[in-house]
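Student: Sharing entry.txt here; it has compact mmCIF, C-alpha atoms.
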# COMPACT_ATOMS: atom_id res chain seq x y z
CA MET S 1 121.04 72.72 98.52
CA GLY S 2 123.36 72.49 95.51
CA GLY S 3 122.41 73.72 92.07
CA ILE S 4 121.67 71.37 89.21
CA ASP S 5 125.21 71.72 87.82
CA GLU S 6 126.62 70.33 91.06
CA ARG S 7 124.70 67.08 90.90
CA PRO S 8 126.85 64.08 89.90
CA ALA S 9 126.60 62.58 86.43
CA PHE S 10 127.15 59.12 87.94
CA PHE S 11 127.99 57.52 91.27
CA ARG S 12 128.14 54.20 93.10
CA PHE S 13 125.23 53.18 95.31
CA GLU S 14 125.82 50.22 97.60
CA ASN S 15 122.43 49.81 99.22
CA GLY S 16 122.05 46.48 101.01
CA GLU S 17 123.67 43.09 100.62
CA ARG S 18 124.03 41.41 97.25
CA ALA S 19 121.24 38.97 96.41
CA PRO S 20 121.92 35.35 95.48
CA LEU S 21 122.21 35.10 91.70
CA PRO S 22 120.99 32.22 89.52
CA PHE S 23 124.52 30.91 88.93
CA SER S 24 127.74 30.45 90.87
CA ASP S 25 130.67 32.86 90.90
CA GLY S 26 132.60 30.31 88.87
CA GLU S 27 129.98 30.37 86.13
CA TYR S 28 130.24 34.14 85.68
CA VAL S 29 134.04 33.93 85.80
CA ARG S 30 133.92 31.30 83.04
CA ARG S 31 131.69 33.41 80.82
CA LEU S 32 133.79 36.55 81.23
CA ALA S 33 137.02 34.63 80.65
CA ALA S 34 135.69 33.42 77.30
CA LEU S 35 134.64 36.94 76.31
CA ARG S 36 138.00 38.40 77.33
CA SER S 37 139.84 35.73 75.38
CA ALA S 38 137.89 36.74 72.27
CA MET S 39 138.58 40.42 72.99
CA PHE S 40 142.32 39.77 73.29
CA ALA S 41 142.38 37.77 70.05
CA SER S 42 140.69 40.65 68.21
CA GLY S 43 142.65 43.47 69.83
CA ILE S 44 139.58 44.94 71.54
CA PRO S 45 140.40 46.62 74.87
CA ALA S 46 136.79 47.21 75.91
CA VAL S 47 133.30 45.92 75.14
CA LEU S 48 130.03 47.76 75.71
CA LEU S 49 127.09 45.38 76.06
CA THR S 50 123.67 47.00 75.70
CA SER S 51 121.13 44.18 75.24
CA MET S 52 119.08 42.65 78.03
CA HIS S 53 120.25 39.14 77.21
CA ASN S 54 123.99 39.79 77.08
CA ILE S 55 124.04 42.04 80.15
CA ALA S 56 122.13 39.34 82.04
CA TYR S 57 124.40 36.59 80.70
CA TYR S 58 127.65 38.23 81.78
CA SER S 59 126.53 40.06 84.93
CA GLY S 60 123.36 38.42 86.23
CA PHE S 61 121.40 41.70 86.06
CA LEU S 62 118.27 41.85 83.90
CA TYR S 63 117.25 45.44 83.31
CA CYS S 64 113.91 47.15 82.66
CA SER S 65 114.67 49.88 80.12
CA PHE S 66 111.50 52.00 80.10
CA GLY S 67 113.16 54.30 77.55
CA ARG S 68 116.53 54.55 79.31
CA PRO S 69 119.84 53.08 78.08
CA TYR S 70 121.62 50.38 80.07
CA GLY S 71 125.04 48.89 79.61
CA CYS S 72 127.76 46.62 80.86
CA VAL S 73 131.38 47.55 80.21
CA VAL S 74 133.90 44.71 80.11
CA THR S 75 137.65 45.36 80.00
CA ALA S 76 140.65 43.16 80.76
CA ASP S 77 140.25 43.93 84.47
CA ASP S 78 136.72 45.22 85.05
CA CYS S 79 133.10 44.27 84.49
CA VAL S 80 130.70 47.08 85.41
CA THR S 81 126.96 47.42 84.85
CA ILE S 82 125.83 50.98 83.98
CA THR S 83 122.30 51.52 85.26
CA ALA S 84 119.74 54.29 85.75
CA ASN S 85 119.22 56.05 89.06
CA ILE S 86 115.51 55.20 88.97
CA ASP S 87 116.41 51.60 89.90
CA GLY S 88 118.12 52.54 93.15
CA GLY S 89 120.47 49.89 94.52
CA GLN S 90 118.70 46.94 92.90
CA PRO S 91 121.09 46.67 89.92
CA ARG S 92 124.14 46.37 92.17
CA ARG S 93 122.40 43.81 94.36
CA ARG S 94 121.62 41.76 91.25
CA SER S 95 124.98 42.26 89.49
CA TRP S 96 127.75 39.74 90.02
CA CYS S 97 130.21 42.48 89.11
CA ASP S 98 130.64 46.19 89.94
CA ASN S 99 127.92 48.76 89.25
CA VAL S 100 127.82 52.48 88.38
CA VAL S 101 124.56 54.46 88.55
CA TYR S 102 124.03 57.33 86.12
CA THR S 103 121.65 60.23 86.73
CA ASP S 104 119.33 61.95 84.29
CA TRP S 105 119.92 65.53 85.45
CA ALA S 106 121.79 66.14 82.19
CA ARG S 107 121.59 64.54 78.77
CA GLY S 108 124.49 62.17 78.06
CA ASN S 109 125.17 61.04 81.63
CA PHE S 110 124.89 57.40 80.57
CA TRP S 111 127.76 57.94 78.14
CA ARG S 112 129.79 59.83 80.72
CA ALA S 113 129.52 56.81 83.01
CA VAL S 114 130.51 54.49 80.17
CA CYS S 115 133.52 56.67 79.36
CA HIS S 116 134.51 56.72 83.04
CA VAL S 117 134.76 52.91 83.05
CA ALA S 118 135.92 52.20 79.49
CA GLY S 119 138.19 55.21 79.01
CA ALA S 120 138.73 56.25 75.41
CA PRO S 121 139.56 52.96 73.64
CA ASN S 122 140.71 53.01 70.05
CA ARG S 123 138.52 49.94 69.43
CA LEU S 124 135.26 49.12 71.14
CA GLY S 125 133.26 45.94 70.98
CA ILE S 126 129.53 46.52 70.54
CA GLU S 127 126.40 44.53 69.71
CA GLY S 128 125.74 45.39 66.10
CA ASP S 129 122.24 43.93 66.22
CA HIS S 130 121.26 46.15 69.14
CA LEU S 131 123.07 49.50 68.86
CA THR S 132 120.67 52.02 67.30
CA VAL S 133 121.69 54.85 64.97
CA ALA S 134 121.02 57.39 67.73
CA MET S 135 123.11 55.40 70.22
CA ARG S 136 125.89 55.08 67.64
CA GLU S 137 126.01 58.86 67.20
CA ALA S 138 126.07 59.47 70.95
CA LEU S 139 128.81 56.88 71.37
CA ALA S 140 130.99 58.60 68.78
CA PHE S 141 130.46 62.00 70.41
CA HIS S 142 131.31 60.91 73.95
CA LEU S 143 133.96 58.23 73.37
CA GLY S 144 135.97 59.82 70.57
CA ASP S 145 134.56 57.79 67.68
CA PRO S 146 136.47 54.52 68.27
CA GLN S 147 136.58 51.77 65.68
CA LEU S 148 133.64 49.47 66.39
CA ARG S 149 133.82 45.69 66.33
CA ASP S 150 130.63 43.63 66.39
CA ILE S 151 130.93 41.02 69.14
CA ALA S 152 127.26 39.94 68.98
CA PRO S 153 127.81 36.85 66.75
CA GLY S 154 130.62 35.58 68.97
CA ALA S 155 128.65 36.20 72.13
CA MET S 156 125.69 34.36 70.64
CA ALA S 157 127.88 31.38 69.74
CA ALA S 158 129.15 31.26 73.33
CA ARG S 159 125.60 31.35 74.72
CA MET S 160 124.51 28.48 72.46
CA ILE S 161 126.59 25.97 74.46
CA LYS S 162 125.03 25.65 77.90
CA SER S 163 126.93 24.89 81.09
CA ASP S 164 125.78 22.23 83.55
CA GLU S 165 124.33 25.00 85.73
CA GLU S 166 122.34 26.44 82.85
CA ILE S 167 121.03 23.02 81.84
CA ALA S 168 119.91 22.38 85.42
CA LEU S 169 117.95 25.66 85.41
CA ILE S 170 116.43 24.90 82.00
CA ARG S 171 115.43 21.40 83.13
CA GLU S 172 113.63 22.86 86.14
CA GLY S 173 112.02 25.48 83.89
CA ALA S 174 110.67 22.70 81.67
CA ARG S 175 109.20 20.98 84.72
CA ILE S 176 107.50 24.22 85.77
CA ALA S 177 106.13 24.69 82.24
CA ASP S 178 104.48 21.28 82.68
CA VAL S 179 102.99 22.50 85.99
CA GLY S 180 101.40 25.37 84.07
CA GLY S 181 100.13 22.94 81.47
CA ASP S 182 98.42 20.82 84.11
CA ALA S 183 96.71 23.90 85.56
CA ILE S 184 95.51 24.95 82.11
CA ARG S 185 94.12 21.54 81.25
CA ASP S 186 92.24 21.49 84.57
CA ALA S 187 90.72 24.91 83.81
CA ILE S 188 89.36 24.03 80.36
CA VAL S 189 85.57 23.73 80.26
CA PRO S 190 82.97 24.94 77.77
CA GLY S 191 82.13 28.62 78.28
CA VAL S 192 85.32 29.66 80.08
CA ARG S 193 87.29 32.58 78.60
CA GLU S 194 90.78 32.23 77.15
CA ILE S 195 92.06 34.80 79.65
CA ASP S 196 90.74 32.84 82.64
CA VAL S 197 92.47 29.67 81.48
CA ALA S 198 95.69 31.58 80.80
CA MET S 199 95.70 33.14 84.28
CA ALA S 200 95.34 29.72 85.90
CA GLY S 201 98.47 28.51 84.13
CA ARG S 202 100.46 31.66 84.82
CA ASP S 203 99.60 31.71 88.52
CA ALA S 204 100.55 28.05 88.91
CA MET S 205 103.95 28.69 87.31
CA ASP S 206 104.66 31.80 89.39
CA ARG S 207 103.99 29.81 92.55
CA ALA S 208 106.22 26.98 91.36
CA ILE S 209 109.06 29.39 90.51
CA ALA S 210 108.74 31.03 93.93
CA ASP S 211 109.01 27.62 95.59
CA SER S 212 111.95 26.35 93.51
CA PHE S 213 113.87 29.63 93.23
CA PRO S 214 113.20 31.52 96.50
CA HIS S 215 115.82 34.20 95.76
CA ALA S 216 114.77 34.90 92.17
CA GLU S 217 112.97 37.99 90.94
CA LEU S 218 109.46 36.97 89.86
CA ARG S 219 108.84 38.58 86.49
CA ASP S 220 107.80 38.00 82.89
CA THR S 221 106.25 34.51 83.15
CA TRP S 222 103.28 34.32 80.79
CA VAL S 223 100.78 32.10 78.96
CA TRP S 224 99.34 32.22 75.46
CA PHE S 225 96.18 30.13 75.51
CA GLN S 226 94.40 30.26 72.18
CA SER S 227 91.16 28.77 70.84
CA GLY S 228 89.44 28.41 67.50
CA ILE S 229 90.70 30.78 64.82
CA ASN S 230 93.01 32.37 67.39
CA THR S 231 95.24 29.28 67.14
CA ASP S 232 96.38 30.18 63.61
CA GLY S 233 99.45 32.09 64.85
CA ALA S 234 101.98 30.82 67.34
CA HIS S 235 102.26 34.22 69.07
CA ASN S 236 98.62 35.36 69.04
CA PRO S 237 97.69 37.15 72.28
CA VAL S 238 95.06 35.87 74.67
CA THR S 239 91.48 37.14 74.17
CA ASN S 240 88.11 37.09 75.94
CA ARG S 241 86.74 34.43 73.58
CA ARG S 242 84.71 31.75 75.36
CA LEU S 243 85.49 28.11 74.60
CA GLU S 244 83.01 25.92 72.72
CA ARG S 245 82.68 22.16 72.28
CA GLY S 246 84.80 20.96 69.39
CA ASP S 247 87.22 23.89 69.60
CA ILE S 248 90.85 23.41 68.66
CA LEU S 249 92.98 24.77 71.51
CA SER S 250 96.63 25.78 71.78
CA LEU S 251 98.31 25.59 75.19
CA ASN S 252 101.53 27.63 75.52
CA THR S 253 103.26 28.11 78.89
CA PHE S 254 106.42 30.18 79.33
CA PRO S 255 108.03 30.28 82.78
CA MET S 256 110.78 32.90 83.01
CA ILE S 257 113.51 32.29 85.58
CA SER S 258 116.22 34.96 85.87
CA GLY S 259 115.82 35.78 82.18
CA TYR S 260 115.91 32.12 81.12
CA TYR S 261 113.05 31.07 78.86
CA THR S 262 111.47 27.64 78.73
CA ALA S 263 108.25 26.58 77.02
CA LEU S 264 105.56 23.96 76.66
CA GLU S 265 103.21 24.04 73.67
CA ARG S 266 100.44 21.56 72.93
CA THR S 267 97.42 21.11 70.68
CA LEU S 268 94.19 20.12 72.45
CA PHE S 269 90.54 19.79 71.52
CA LEU S 270 87.56 20.49 73.75
CA SER S 271 85.16 17.55 74.20
CA GLU S 272 85.51 16.11 70.68
CA VAL S 273 87.64 16.21 67.55
CA ASP S 274 86.27 15.79 64.02
CA ASP S 275 87.84 13.37 61.55
CA ALA S 276 89.54 16.00 59.35
CA SER S 277 91.12 17.69 62.37
CA LEU S 278 92.18 14.34 63.79
CA ASP S 279 94.00 13.44 60.55
CA ILE S 280 95.96 16.70 60.54
CA TRP S 281 96.71 16.48 64.26
CA GLN S 282 98.02 12.94 63.90
CA ALA S 283 100.19 13.97 60.94
CA ASN S 284 101.69 16.82 62.95
CA VAL S 285 102.32 14.51 65.90
CA ALA S 286 104.11 12.13 63.54
CA ALA S 287 106.26 15.02 62.28
CA HIS S 288 107.00 15.95 65.89
CA GLU S 289 108.11 12.42 66.72
CA LEU S 290 110.27 12.26 63.60
CA GLY S 291 111.83 15.57 64.55
CA LEU S 292 112.59 14.36 68.07
CA SER S 293 114.45 11.40 66.60
CA LEU S 294 116.66 13.70 64.50
CA ILE S 295 118.07 15.76 67.41
CA ARG S 296 121.56 14.43 68.13
CA PRO S 297 125.19 15.63 68.04
CA GLY S 298 126.46 16.04 64.50
CA ALA S 299 123.04 16.76 63.02
CA VAL S 300 122.82 19.93 60.89
CA CYS S 301 119.96 22.35 61.49
CA SER S 302 119.16 22.80 57.80
CA GLU S 303 119.24 19.04 57.18
CA ILE S 304 116.78 18.39 60.02
CA CYS S 305 114.55 21.01 58.41
CA ALA S 306 114.86 19.36 54.99
CA THR S 307 113.88 15.95 56.36
CA LEU S 308 110.77 17.36 58.01
CA ASN S 309 109.92 19.35 54.89
CA ASP S 310 110.00 16.10 52.90
CA PHE S 311 107.71 14.47 55.46
CA TYR S 312 105.13 17.24 55.05
CA ARG S 313 105.57 17.40 51.27
CA GLU S 314 104.74 13.68 50.92
CA ARG S 315 101.45 14.36 52.72
CA ASP S 316 100.61 17.59 50.81
CA LEU S 317 100.97 19.59 54.03
CA LEU S 318 104.16 21.56 53.44
CA ASP S 319 102.29 24.68 52.29
CA TYR S 320 100.64 24.84 55.72
CA ARG S 321 103.90 24.90 57.67
CA SER S 322 104.18 28.18 59.59
CA PHE S 323 107.83 28.68 60.66
CA GLY S 324 111.07 26.90 61.56
CA TYR S 325 110.98 23.60 63.43
CA GLY S 326 112.77 24.71 66.59
CA HIS S 327 115.19 27.08 68.28
CA SER S 328 117.74 27.46 71.03
CA PHE S 329 117.02 28.13 74.70
CA GLY S 330 118.76 30.33 77.26
CA VAL S 331 118.60 34.05 78.06
CA LEU S 332 115.78 35.08 75.75
CA SER S 333 112.18 36.18 75.82
CA HIS S 334 109.32 37.27 73.59
CA TYR S 335 110.66 40.85 73.78
CA TYR S 336 114.43 40.37 73.97
CA GLY S 337 117.13 38.00 72.87
CA ARG S 338 117.39 35.22 70.33
CA GLU S 339 120.14 32.76 69.51
CA ALA S 340 119.40 32.93 65.81
CA GLY S 341 122.37 30.76 64.88
CA LEU S 342 120.65 27.74 66.39
CA GLU S 343 117.28 27.54 64.67
CA LEU S 344 115.96 24.59 62.68
CA ARG S 345 115.48 26.42 59.39
CA GLU S 346 116.58 26.06 55.78
CA ASP S 347 119.16 28.86 56.04
CA ILE S 348 120.85 27.77 59.31
CA HIS S 349 123.69 25.28 58.88
CA THR S 350 124.86 25.01 62.49
CA VAL S 351 125.98 21.55 63.59
CA LEU S 352 124.42 20.38 66.86
CA GLU S 353 126.88 19.84 69.71
CA PRO S 354 126.60 18.44 73.23
CA GLY S 355 125.41 21.18 75.58
CA MET S 356 123.11 22.82 73.07
CA VAL S 357 119.42 22.99 74.01
CA VAL S 358 116.81 23.11 71.27
CA SER S 359 113.08 22.75 70.80
CA MET S 360 111.24 20.55 68.38
CA GLU S 361 108.00 22.35 67.48
CA PRO S 362 106.42 21.65 64.09
CA MET S 363 103.32 23.71 63.34
CA LEU S 364 100.66 23.50 60.67
CA THR S 365 98.05 26.22 60.09
CA ILE S 366 94.96 25.22 58.12
CA PRO S 367 92.98 28.31 56.94
CA GLU S 368 89.45 29.02 58.12
CA GLY S 369 86.78 27.42 55.94
CA ARG S 370 88.80 24.29 55.16
CA PRO S 371 88.38 20.92 56.86
CA GLY S 372 90.49 20.78 60.02
CA ALA S 373 90.91 24.57 60.23
CA GLY S 374 93.21 25.83 62.98
CA GLY S 375 96.78 25.81 64.18
CA TYR S 376 98.43 22.57 65.31
CA ARG S 377 101.66 22.66 67.30
CA GLU S 378 103.59 20.38 69.66
CA HIS S 379 106.74 21.55 71.45
CA ASP S 380 109.36 19.69 73.48
CA ILE S 381 112.75 20.83 74.83
CA LEU S 382 115.80 18.66 74.18
CA VAL S 383 119.29 18.81 75.66
CA VAL S 384 121.88 17.54 73.18
CA THR S 385 124.13 14.96 74.89
CA ASP S 386 127.30 13.14 73.87
CA ASP S 387 125.36 10.35 72.18
CA GLY S 388 121.85 11.68 71.55
CA ALA S 389 119.42 14.01 73.25
CA GLU S 390 117.47 14.16 76.51
CA ASN S 391 113.85 15.29 76.27
CA VAL S 392 113.15 17.35 79.41
CA THR S 393 109.46 18.00 78.61
CA GLY S 394 107.05 15.64 80.37
CA PHE S 395 103.57 16.85 79.39
CA PRO S 396 101.82 14.32 77.11
CA TYR S 397 100.93 15.14 73.50
CA GLY S 398 98.51 13.84 70.90
CA PRO S 399 94.85 12.82 70.64
CA GLY S 400 95.14 10.04 73.19
CA ASP S 401 95.78 12.52 76.01
CA ASN S 402 94.65 15.95 74.89
CA VAL S 403 91.01 15.73 73.95
CA VAL S 404 89.66 17.40 77.09
CA ARG S 405 86.33 15.77 78.05
Give the structure from this file in C-alpha cells form.

Tutor:
Amino acid sequence: MGGIDERPAFFRFENGERAPLPFSDGEYVRRLAALRSAMFASGIPAVLLTSMHNIAYYSGFLYCSFGRPYGCVVTADDCVTITANIDGGQPRRRSWCDNVVYTDWARGNFWRAVCHVAGAPNRLGIEGDHLTVAMREALAFHLGDPQLRDIAPGAMAARMIKSDEEIALIREGARIADVGGDAIRDAIVPGVREIDVAMAGRDAMDRAIADSFPHAELRDTWVWFQSGINTDGAHNPVTNRRLERGDILSLNTFPMISGYYTALERTLFLSEVDDASLDIWQANVAAHELGLSLIRPGAVCSEICATLNDFYRERDLLDYRSFGYGHSFGVLSHYYGREAGLELREDIHTVLEPGMVVSMEPMLTIPEGRPGAGGYREHDILVVTDDGAENVTGFPYGPGDNVVR
C-alpha cells in the first residue's frame, strides 16, 4: 500500500460508455469553434471555464460543486473537463470532450490538473464574473501569474443566440412546463397546502422529462407555488400555508433539462376574485399582451421596457412594478447562470435578433392592506424569428381561465 505522497494528483478514469448528450457532436464542435475563433482574435492560447453554465455549454457536463472547484480547459487543440474524484466516471460519461479527474489528497491538485492541460500560458481566458479572489490567488501561484482576459461577456453573447437544437429543447421544455401547470391547477382546492400543490407539479414535470428525454439526468426541476401574501415576490419559497377561498395564487413551474431552464408563470384566484383584484389582474394581462406584441427582431430591450413603463404609468401602476419585463433562456438556473445582456430592463440596450429566446413577464406587487393586495405575474416564452416571434407557451392566462372553481 503506497504512502500518501505516492497517490496521483490527477488521472483519467474511463469507467463505462459515454452517455448520450442533449446535443449532437456538431453542436459542440460549433460552439467550441466560435470560442476558439475569439481566443485566436484576442491572442489567448488557453481558456479556463469555471462556471456551471459555461462548462455545460461547451462540454455537456453539468457539475455539482459541493465546495469543490470544477473547470474546463479549452486550447487550440483540446477541450478537457477537470472534475473531482468524488464523482467517479460520471463526468467523463457526460462530457463530450476529454476529462481529467483530480484527487483531494493534497491541496492544489485541481490547479495541478489545470496546469497539466493548459501548460503555462502567458495569457489565460477566465470568467471574470465567476473567479473568486481565492481562486485568483491560487491560479497565480500554480500557473505562473498569466495575464488574465475576461471571456465571460463574449461567451454570454454567444449563448444568447440559440441553435436549432437548443430551440427544439427549449420548445419541449415549455411544453413540459405547461404539463406542470395543468397538474398544479388540478391540485388546487381550499385547505390544501402550498407544498402539496407544488409537489404535484414537480412530479408531473419529472415524469414528462423522463418520457421525452430518456437519457437525461433528472435533476433540479422545481415549482414555486405561492398564495396570499406569499405572492408578493417572484422567487418566494413554497410554504405550508393552506389555501383559502378568494386567495390570489402564483403558479411557477421550472422544468430543468440538461441544465436548460424553461418556465411557466401564471396568476390565479381560488373560487372567486374581488373587483379591485380583477382590475389589477386585467391591467397586468393587458401589459403582458402589449409586451408580447413588442417582441420582434430589431426591437431594443430598453425601448420595450420604456413602452411598458409608459403603459403602467398611464394607469398609476408603475410604482408597483417589481423587476424587468423578461430575460433570456438557455443554460441557467435559480442558482447558476444568467444571460444578463438580454434582459428587458432600462439599462440593457441589446437589439433582438432571430434565434434569441426571451420571456415576457410583467409583474405588479400591491402591498398588504391595499385593495387588490398581492403579486400578479404572467410569463410566456418567445423565440425571436426572422419576421416576428413564436410564443411556445400554451397554458392559458387571465381571469377567463384561471379563477379555479

Student: For S:Leu364, please output as a list in words all residues within 9 Å (counting all atoms listed in the file; exclusion window: fewer than 4 positions along the same chain).

Tutor: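 Within the cut-off, the hits are Asp232, Ile280, Trp281, Asn284, Leu317, Leu318, Asp319, Tyr320, Arg321, Ser322, Phe323, Gly374, Gly375, Tyr376 and Arg377 of chain S.
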
Student: Taking only C-alpha atoms into account, name the residue in S:Phe225, S:Trp96, S:Phe311, S:Phe269 that is nearest to S:Glu27.

Tutor: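 Nearest candidate to S:Glu27 out of S:Phe225, S:Trp96, S:Phe311, S:Phe269: S:Trp96.
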
Student: Calculated over all atoms listed in the file, which of the candidates S:Leu169, S:Val331, S:Met199, S:Leu344 has the smallest distance to S:Ala56?

Tutor: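 Among the listed residues, the smallest separation from S:Ala56 belongs to S:Val331.
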
Student: Which residues are near S:Pro190? Cut-off 8 Å, only C-alpha atoms, ignore same chain within fewer than 4 positions. Put them as a ChimeraX atom specification.

Tutor: /S:242-245,270

Student: Can you pull out the residues contacting S:Leu332? Cut-off 8 Å, using all atoms listed in the file, and skip same-chain residues under 3 positions away; I want them as a ChimeraX atom specification.

Tutor: /S:53,259-261,329,335-339

Student: Which is closer to S:Val357 than all the others in S:Glu272, S:Asp25, S:Asp87, S:Glu166, using all atoms listed in the file?

Tutor: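 Looking only at the distances to S:Val357, the closest residue turns out to be S:Glu166.
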
Student: Using all atoms listed in the file for the distances, tell me which of S:Asn85, S:Ser37, S:Ser42, S:Asn309 is nearest to S:Gly125.

Tutor: S:Ser42

Student: Any idea what the distance is between atom CA of S:Ala19 and atom CA of S:Thr83?

Tutor: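 Those two atoms sit 16.8 Å apart.
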
Student: Using all atoms listed in the file, which of the listed residues (S:Cys97, S:Leu62, S:Leu21, S:Asp150) sits closest to S:Arg123?

Tutor: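 Using all atoms listed in the file, S:Arg123 sits closest to S:Asp150.
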
Student: S:Ile44, S:Asp77, S:Thr103, S:Arg207: which is nearest S:Arg7, counting all atoms listed in the file?

Tutor: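 Ranked by minimum distance to S:Arg7, first place goes to S:Thr103.
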
Student: Extract, using only C-alpha atoms, all DNA, RNA and protein residues at most 10 Å from S:Arg68, discarding same-chain residues fewer than 6 positions from it, and format them as an mmCIF file with C-alpha atoms, keeping the file's coordinate frame.

Tutor:
data_model
loop_
_atom_site.group_PDB
_atom_site.id
_atom_site.type_symbol
_atom_site.label_atom_id
_atom_site.label_comp_id
_atom_site.auth_asym_id
_atom_site.auth_seq_id
_atom_site.Cartn_x
_atom_site.Cartn_y
_atom_site.Cartn_z
ATOM 1 C CA THR S 83 122.300 51.520 85.260
ATOM 2 C CA ALA S 84 119.740 54.290 85.750
ATOM 3 C CA ILE S 86 115.510 55.200 88.970
ATOM 4 C CA ASP S 104 119.330 61.950 84.290
ATOM 5 C CA PHE S 110 124.890 57.400 80.570
#

Student: What is the atom CA of S:Asp164-atom CA of S:Val358 distance in Å, reported with one decimal?

Tutor: 15.2 Å

Student: Hey, can you check how far atom CA of S:Ser271 sits from atom CA of S:Ala208?

Tutor: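 Interatomic distance here is 28.8 Å.
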
Student: Residues proximal to (136.9, 38.4, 77.1) were defined as those with any atom within 12 Å of that point in the file's coordinates, counting only C-alpha atoms. Which are they, as a ChimeraX atom specification?

Tutor: /S:28-48,58,73-79,125,151,154-155,158
